[in-house]
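The next block holds one structure in the form of structure tokens; read it before the comments.
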Amino acid sequence: IDLADILQWLGDLRRAKEEIEHAEAIIKPAVGDRQPSQTDVLAGIFSSISGIMAGRGDPGDAMRSMQLYRAALEVVYYHGLISKSLQEWDAAERCFNQVLPEYQKLASGEAIEYQLAQIKAGRGQFREALEQARQIEPVFDRGAFRPKRGVLQCLQAKCLHALRDSSAALRLVDESIADLTEEHFDPDALWRSQWLRARICTGTGEKKPAMESFRDAVETITNLRRAPLGYRLDSTFLADKKELYSQAIKEALRAETLWDCCQFMESIKSRTLTAVLSIPASRDRASSGLDGQFADLTQQLDAREYQAYREGWNQQRRLEHRELLQKRADLLERIRISDPRWRHLTQPAQLDVKKLLEVLSHRSQAALTLYYDPPDLSAVLLFNGQVQGNRLPIADDTAKKLTDYAKNLQQAHYDPYKHDLSVEYGVHAEDLIPPSLLSQTLQADSLVIIPHGLLHLVPWSGLVHDNARLFERLPVGILPNLSLLSAATVLSRPACAALVGVPAYPGLEKLQDLPSAREEIEAVRAIYEGAGTPVLNPLLDESATEKAFWKLVRSLEGDGNVLHISCHATIVPNEPMNSGLLLFDSKVDAAELARARLPFDEVVLSACSTGWRPTQVGDVVLTADEILGIPAGFLESGVSSVLVSIPKAEGQAARKLTTHYHQQRVAGDSPLRAVQSAQKHLLEQGVLPGTWVGFTLYGCI
């Protein structure tokens, strides 16, 4: 029941419901079909006392009766709370009416009547909700209910606002905020009151107070989620707050308070990554029992997958694989939450816009952060010491093309030439970037885009504008959030190169050979050796095992190292942190990478779909906008620059692009400029863009 309470607060309603149903199954044999009542408890107590006085009986009977009574009530109560959160008003009302008589006997009936008033408000019955709230109002002025007076006032203000009594609503919500801030601090209730105040002020045209309230609400939420909880809980936690962010961003653009707009966007973008990089894990951290379980589950998953590559999938293997995935996902969540680093995280990492503008000006770089709430796209540009913003309504036709493009990326029988969003789908840069901001970005020396939602899948550098691709005009990189711009370090010529290649997978009939991988590894080796850069003995063919990979990681030290991997990759949509790189005998997946501290500053992945990211995982929409999968694994491990391919990669085109990239790196180009040079080179050579335009650099230097 306690776990269901926590999950319900975190918005993970499916799992909360599962826990309550589990609790109900435990209790049901003891209570039968009838809900225990206070009368039953009293009978149990009197029976226990009588037995003891007669020299028989168990003194624990009374305690067990009380515990059973409490648990049975709470199961129904939490069923009601979860149904209310799901806006299943009838089901919620039935649950609360069922427990109301017992709560009244316990002198707590007003708590249930408050829930019933909330249900009325949810149905739009604001007068009825207001009347019920007024009836129970005196109880909230004293005793045990006093700390919740601000919560009741927020409900009353919400009803008054809906009934167009703005002045009375504003007075009540101000009292609510003061009470929840000063006397009975309740941040989870506070952000709701602050958001309501923002909506009231927006409705009356008071822009400044509205922005102050939006700012307060977002800050309260940000402080509530200091430590990373993993993509699932971060997303469910924000699910009921998404509308707040959308309104705040829209109103900040309208009011031209663009620093606020920038902060609002940043506060939902890859907060997990921001927290992790603010207190990086040690390379030699002590292991725990959870680490051992993680390694064991990972080994079992790899064994199942490689067996399927040999023999194919059947129903039993898929079922076992799915169960193992769920176990490991639950374990990763426990590991994430229990990480001792978060005990030292006293406040969330803050974005310093002024410092960021200075960094960008020093580089003559532009940063464009986006928020996509169909059909609206909000954009904020940081460039030349200024912050500019605009809103772009995305046309229905463009939105449909984006969806079709995203679906094609993961089709079993995909069209390899439908990865060129501008040529094949007719979606150009000005369709996704407000034209006024686009013209400004093209004046910069380089551009970094921070996408949102479905826009993570866009091959931004390859978009066409005025008959030229963006990379023909300037280098274009991608980052999960603005915070990484300030954290980036300058990458000089690589100091040492580590190469891993798997041209063939003997015995794994479901995996095609990659003949270009051998050529690629040998070509990259020749480039670095020709420039006098040390190259570790390449892990190639049967030497490219998972054990050898981790041995390489542990043996390498120092800065400036580059890792190049050419192999198959696999994407696991229902558990993106299980997506990974297929080595000769086993897989290195995103979760393993994220939990390591890798000795590489930059990574080049010549493999299919390594940059692909889902927008929904199972039943969870990625509201938190985390970067997931293979790029997340490398970035979380401390890598500054990761070159990936969003779609499936074509072997020869990938070889040409990545080898040119390395040539430019040893010549002194930064990763960002090396990618641009490679893109321009392939375009000039007439290599069909659809086979390589999806290559994207996560990095800003």
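Naming scheme: A, B, ... for chains in displayed order of the structure tokens; residues 1 onward per chain; ligands 1 onward as shown.
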
Original post:
If you run DSSP on the backbone, which residues of segment 251-411 of chain A are helix (DSSP H, G or I), as an MDAnalysis selection string?
Top reply: chainID A and resid 251:255 258:266 271:278 289:311 315:338 340:344 353:363 396:409

Leaving out Val490 of chain A and any residue of its chain fewer than 4 positions from it, which residues lie within 10 Å of it when counting only C-alpha atoms, given as a tab-separated table (two decimals) with all heavy atoms, in the first residue's frame?
chain	number	residue	atom	x	y	z
A	560	GLY	N	41.88	12.63	-24.31
A	560	GLY	CA	42.06	12.74	-25.75
A	560	GLY	C	41.94	11.44	-26.51
A	560	GLY	O	42.32	11.37	-27.67
A	601	ASP	N	37.16	10.57	-24.93
A	601	ASP	CA	36.54	11.87	-25.09
A	601	ASP	C	35.56	11.88	-26.26
A	601	ASP	O	34.59	12.62	-26.25
A	601	ASP	CB	37.60	12.95	-25.32
A	601	ASP	CG	38.40	13.24	-24.06
A	601	ASP	OD1	37.82	13.12	-22.97
A	601	ASP	OD2	39.59	13.54	-24.17
A	640	SER	N	32.36	13.22	-24.49
A	640	SER	CA	31.94	14.57	-24.88
A	640	SER	C	31.33	14.63	-26.27
A	640	SER	O	30.51	15.50	-26.56
A	640	SER	CB	33.13	15.53	-24.84
A	640	SER	OG	33.65	15.63	-23.54
A	670	SER	N	38.01	20.16	-35.31
A	670	SER	CA	37.23	19.70	-34.17
A	670	SER	C	36.23	18.65	-34.65
A	670	SER	O	35.96	18.54	-35.86
A	670	SER	CB	36.47	20.87	-33.54
A	670	SER	OG	35.44	21.32	-34.44
A	671	PRO	N	35.64	17.85	-33.76
A	671	PRO	CA	34.65	16.87	-34.19
A	671	PRO	C	33.51	17.48	-35.00
A	671	PRO	O	33.08	16.93	-36.01
A	671	PRO	CB	34.15	16.27	-32.88
A	671	PRO	CG	35.32	16.37	-31.96
A	671	PRO	CD	35.98	17.68	-32.32
A	700	CYS	N	29.21	19.68	-29.29
A	700	CYS	CA	29.12	21.10	-29.63
A	700	CYS	C	30.48	21.72	-29.93
A	700	CYS	O	30.59	22.93	-30.13
A	700	CYS	CB	28.44	21.88	-28.51
A	700	CYS	SG	29.30	21.76	-26.92
A	701	ILE	N	31.54	20.91	-29.95
A	701	ILE	CA	32.88	21.45	-30.19
A	701	ILE	C	33.41	20.92	-31.52
A	701	ILE	O	33.29	19.73	-31.80
A	701	ILE	CB	33.85	21.03	-29.06
A	701	ILE	CG1	33.36	21.57	-27.71
A	701	ILE	CG2	35.25	21.52	-29.36
A	701	ILE	CD1	33.40	23.06	-27.59

**OP:** Determine, counting only C-alpha atoms, which protein, DNA and RNA residues have an atom within 12 Å of an atom of Arg127 of chain A; residues of the same chain fewer than 4 positions away are not included. Present the result as a ChimeraX atom specification.
**Re:** /A:117-118,120-123,131-134,155-165

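Taking only C-alpha atoms, the non-local environment of Ala217 of chain A within 8 Å (same-chain residues fewer than 5 positions away omitted) comprises A:Leu190, A:Trp191, A:Arg192, A:Gln194, A:Trp195.
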
Requested write-out: N, CA, C and O atoms of the selected residues, as a PDB file, in the first residue's frame:
ATOM      1  N   LEU A 190       1.877  23.036  -3.400  1.00  0.00           N
ATOM      2  CA  LEU A 190       2.242  24.422  -3.696  1.00  0.00           C
ATOM      3  C   LEU A 190       2.308  24.704  -5.191  1.00  0.00           C
ATOM      4  O   LEU A 190       1.794  25.724  -5.658  1.00  0.00           O
ATOM      5  N   TRP A 191       2.935  23.803  -5.975  1.00  0.00           N
ATOM      6  CA  TRP A 191       3.073  24.096  -7.403  1.00  0.00           C
ATOM      7  C   TRP A 191       1.701  24.174  -8.077  1.00  0.00           C
ATOM      8  O   TRP A 191       1.512  24.937  -9.038  1.00  0.00           O
ATOM      9  N   ARG A 192       0.744  23.408  -7.560  1.00  0.00           N
ATOM     10  CA  ARG A 192      -0.605  23.456  -8.136  1.00  0.00           C
ATOM     11  C   ARG A 192      -1.252  24.818  -7.891  1.00  0.00           C
ATOM     12  O   ARG A 192      -1.915  25.374  -8.775  1.00  0.00           O
ATOM     13  N   GLN A 194       0.421  27.631  -7.309  1.00  0.00           N
ATOM     14  CA  GLN A 194       1.181  28.614  -8.099  1.00  0.00           C
ATOM     15  C   GLN A 194       0.763  28.584  -9.560  1.00  0.00           C
ATOM     16  O   GLN A 194       0.652  29.628 -10.214  1.00  0.00           O
ATOM     17  N   TRP A 195       0.536  27.385 -10.080  1.00  0.00           N
ATOM     18  CA  TRP A 195       0.080  27.252 -11.474  1.00  0.00           C
ATOM     19  C   TRP A 195      -1.302  27.862 -11.645  1.00  0.00           C
ATOM     20  O   TRP A 195      -1.570  28.557 -12.622  1.00  0.00           O
TER      21      TRP A 195
END

Proximity check segment 313-421 of chain A to segment 477-485 of chain A, 10 Å, nearest pairs one decimal Å, only C-alpha atoms, as a tab-separated table:
residue	atom	partner	partner_atom	distance
A:Ala349	CA	A:Ser483	CA	8.7
A:Gln350	CA	A:Ser483	CA	8.2
A:Leu351	CA	A:Ser483	CA	6.1
A:Asp352	CA	A:Ser483	CA	8.4
A:Val353	CA	A:Leu482	CA	9.1
A:Leu356	CA	A:Leu485	CA	7.3
A:Val359	CA	A:Leu485	CA	8.0
A:Leu360	CA	A:Leu485	CA	8.2
A:Ala367	CA	A:Leu482	CA	7.9
A:Leu368	CA	A:Leu482	CA	9.0
A:Thr369	CA	A:Leu482	CA	7.5
A:Leu370	CA	A:Asn481	CA	10.0

Can you write out as a tab-separated table which residues of segment 143-209 of chain A fall within 12 Å of segment 233-252 of chain A, alongside each residue's closest atom pair and its distance in Å to one decimal, counting only C-alpha atoms and ordering rows by chain and ascending residue number?
residue	atom	partner	partner_atom	distance
A:Asp188	CA	A:Phe237	CA	11.1
A:Trp191	CA	A:Lys241	CA	9.4
A:Arg192	CA	A:Lys241	CA	9.1
A:Ser193	CA	A:Leu244	CA	11.6
A:Gln194	CA	A:Leu244	CA	10.2
A:Trp195	CA	A:Leu244	CA	6.8
A:Leu196	CA	A:Leu244	CA	9.4
A:Arg197	CA	A:Leu244	CA	11.6
A:Ala198	CA	A:Ala248	CA	8.6
A:Arg199	CA	A:Gln247	CA	8.6
A:Cys201	CA	A:Glu251	CA	11.1
A:Thr202	CA	A:Glu251	CA	8.2
A:Gly203	CA	A:Glu251	CA	11.2
A:Gly205	CA	A:Glu251	CA	10.9
A:Glu206	CA	A:Glu251	CA	11.1
A:Lys207	CA	A:Glu251	CA	8.2
A:Lys208	CA	A:Ala252	CA	9.9
A:Pro209	CA	A:Glu251	CA	11.6

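Taking atom CA of Leu290 of chain A and atom CA of Phe549 of chain A as endpoints, the distance between them is 22.5 Å.
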
Original post:
Do you know which residues are at most 7 Å from segment 636-639 of chain A counting only C-alpha atoms, after dropping those on the same chain fewer than 4 positions away, and could you put them as a ChimeraX atom specification?
Top reply: /A:273,276-277,593-598,600-602,632

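Between atom CA of Ser606 of chain A and atom CA of Glu592 of chain A the separation is 19.2 Å.
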
Show me a table, sorted first by chain and then by increasing residue number, of the residues of segment 354-413 of chain A having an atom at most 10 Å from segment 452-467 of chain A, each with its shortest atom pair and the distance in Å to one decimal, counting only C-alpha atoms and written as JSON lines.
{"residue": "A:Thr369", "atom": "CA", "partner": "A:His452", "partner_atom": "CA", "distance": 8.2}
{"residue": "A:Leu370", "atom": "CA", "partner": "A:His452", "partner_atom": "CA", "distance": 5.9}
{"residue": "A:Tyr371", "atom": "CA", "partner": "A:His452", "partner_atom": "CA", "distance": 5.4}
{"residue": "A:Tyr372", "atom": "CA", "partner": "A:His452", "partner_atom": "CA", "distance": 6.0}
{"residue": "A:Asp373", "atom": "CA", "partner": "A:Gly453", "partner_atom": "CA", "distance": 8.6}
{"residue": "A:Leu377", "atom": "CA", "partner": "A:His452", "partner_atom": "CA", "distance": 9.5}
{"residue": "A:Ala399", "atom": "CA", "partner": "A:Leu454", "partner_atom": "CA", "distance": 9.8}
{"residue": "A:Leu402", "atom": "CA", "partner": "A:Leu454", "partner_atom": "CA", "distance": 7.9}
{"residue": "A:Thr403", "atom": "CA", "partner": "A:Leu454", "partner_atom": "CA", "distance": 8.1}
{"residue": "A:Tyr405", "atom": "CA", "partner": "A:Leu457", "partner_atom": "CA", "distance": 8.9}
{"residue": "A:Ala406", "atom": "CA", "partner": "A:Leu457", "partner_atom": "CA", "distance": 6.9}
{"residue": "A:Leu409", "atom": "CA", "partner": "A:Leu457", "partner_atom": "CA", "distance": 9.0}

Produce a file of the selected residues containing N, CA and C atoms, as a PDB file, in the first residue's frame.
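Okay, this is what ended up in selection-v6.pdb:
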ATOM      1  N   THR A 369      17.145  25.955 -28.873  1.00  0.00           N
ATOM      2  CA  THR A 369      16.427  24.979 -28.072  1.00  0.00           C
ATOM      3  C   THR A 369      14.952  24.995 -28.448  1.00  0.00           C
ATOM      4  N   LEU A 370      14.361  23.804 -28.566  1.00  0.00           N
ATOM      5  CA  LEU A 370      13.016  23.652 -29.129  1.00  0.00           C
ATOM      6  C   LEU A 370      12.087  22.962 -28.143  1.00  0.00           C
ATOM      7  N   TYR A 371      10.801  23.266 -28.261  1.00  0.00           N
ATOM      8  CA  TYR A 371       9.758  22.586 -27.499  1.00  0.00           C
ATOM      9  C   TYR A 371       8.596  22.345 -28.446  1.00  0.00           C
ATOM     10  N   TYR A 372       8.282  21.066 -28.674  1.00  0.00           N
ATOM     11  CA  TYR A 372       7.271  20.693 -29.663  1.00  0.00           C
ATOM     12  C   TYR A 372       6.029  20.180 -28.955  1.00  0.00           C
ATOM     13  N   ASP A 373       4.972  20.971 -28.989  1.00  0.00           N
ATOM     14  CA  ASP A 373       3.681  20.598 -28.421  1.00  0.00           C
ATOM     15  C   ASP A 373       2.659  20.743 -29.539  1.00  0.00           C
ATOM     16  N   LEU A 377       5.325  24.693 -32.274  1.00  0.00           N
ATOM     17  CA  LEU A 377       6.738  24.518 -31.966  1.00  0.00           C
ATOM     18  C   LEU A 377       7.261  25.851 -31.445  1.00  0.00           C
ATOM     19  N   ALA A 399       3.489  17.659 -40.019  1.00  0.00           N
ATOM     20  CA  ALA A 399       3.416  16.753 -38.874  1.00  0.00           C
ATOM     21  C   ALA A 399       3.224  15.308 -39.336  1.00  0.00           C
ATOM     22  N   LEU A 402       6.492  13.969 -40.694  1.00  0.00           N
ATOM     23  CA  LEU A 402       7.415  13.638 -39.606  1.00  0.00           C
ATOM     24  C   LEU A 402       7.075  12.274 -39.003  1.00  0.00           C
ATOM     25  N   THR A 403       5.779  12.037 -38.821  1.00  0.00           N
ATOM     26  CA  THR A 403       5.344  10.756 -38.258  1.00  0.00           C
ATOM     27  C   THR A 403       5.665   9.608 -39.196  1.00  0.00           C
ATOM     28  N   TYR A 405       7.996   9.531 -41.513  1.00  0.00           N
ATOM     29  CA  TYR A 405       9.455   9.392 -41.523  1.00  0.00           C
ATOM     30  C   TYR A 405       9.922   8.593 -40.302  1.00  0.00           C
ATOM     31  N   ALA A 406       9.372   8.924 -39.119  1.00  0.00           N
ATOM     32  CA  ALA A 406       9.772   8.236 -37.889  1.00  0.00           C
ATOM     33  C   ALA A 406       9.396   6.756 -37.943  1.00  0.00           C
ATOM     34  N   LEU A 409      11.801   4.611 -40.007  1.00  0.00           N
ATOM     35  CA  LEU A 409      13.127   4.365 -39.438  1.00  0.00           C
ATOM     36  C   LEU A 409      13.255   2.975 -38.837  1.00  0.00           C
TER      37      LEU A 409
END

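Our summary of the geometry notes that atom CA of Ser516 of chain A is positioned 17.2 Å from atom CA of Leu688 of chain A.
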
**OP:** Return the single residue from A:Ala498, A:Ala523, A:Ala72, A:Ala590 that is closest to Glu557 of chain A, with distances computed using only C-alpha atoms.
**Re:** A:Ala498

**OP:** Pick out the residues sitting within 9 Å of Thr398 of chain A, and hand them over as a list in words; count only C-alpha atoms, and ignore anything fewer than 5 positions along from it in its own chain.
**Re:** Thr403, Tyr425, Gly426, Val427, Asp431 and Leu432 of chain A

Original post:
Any idea what's packed within 8 Å of Asp589 of chain A, counting only C-alpha atoms, ignoring anything in its chain fewer than 6 positions away? Could you give it as a PyMOL selection string?
Top reply: chain A and resi 577-581+630+633

Subject >> Pick from A:Ser282, A:Ser361, A:Ser65, A:Gln443 nearest to Gln386 of chain A, counting only C-alpha atoms >> reply: A:Ser361
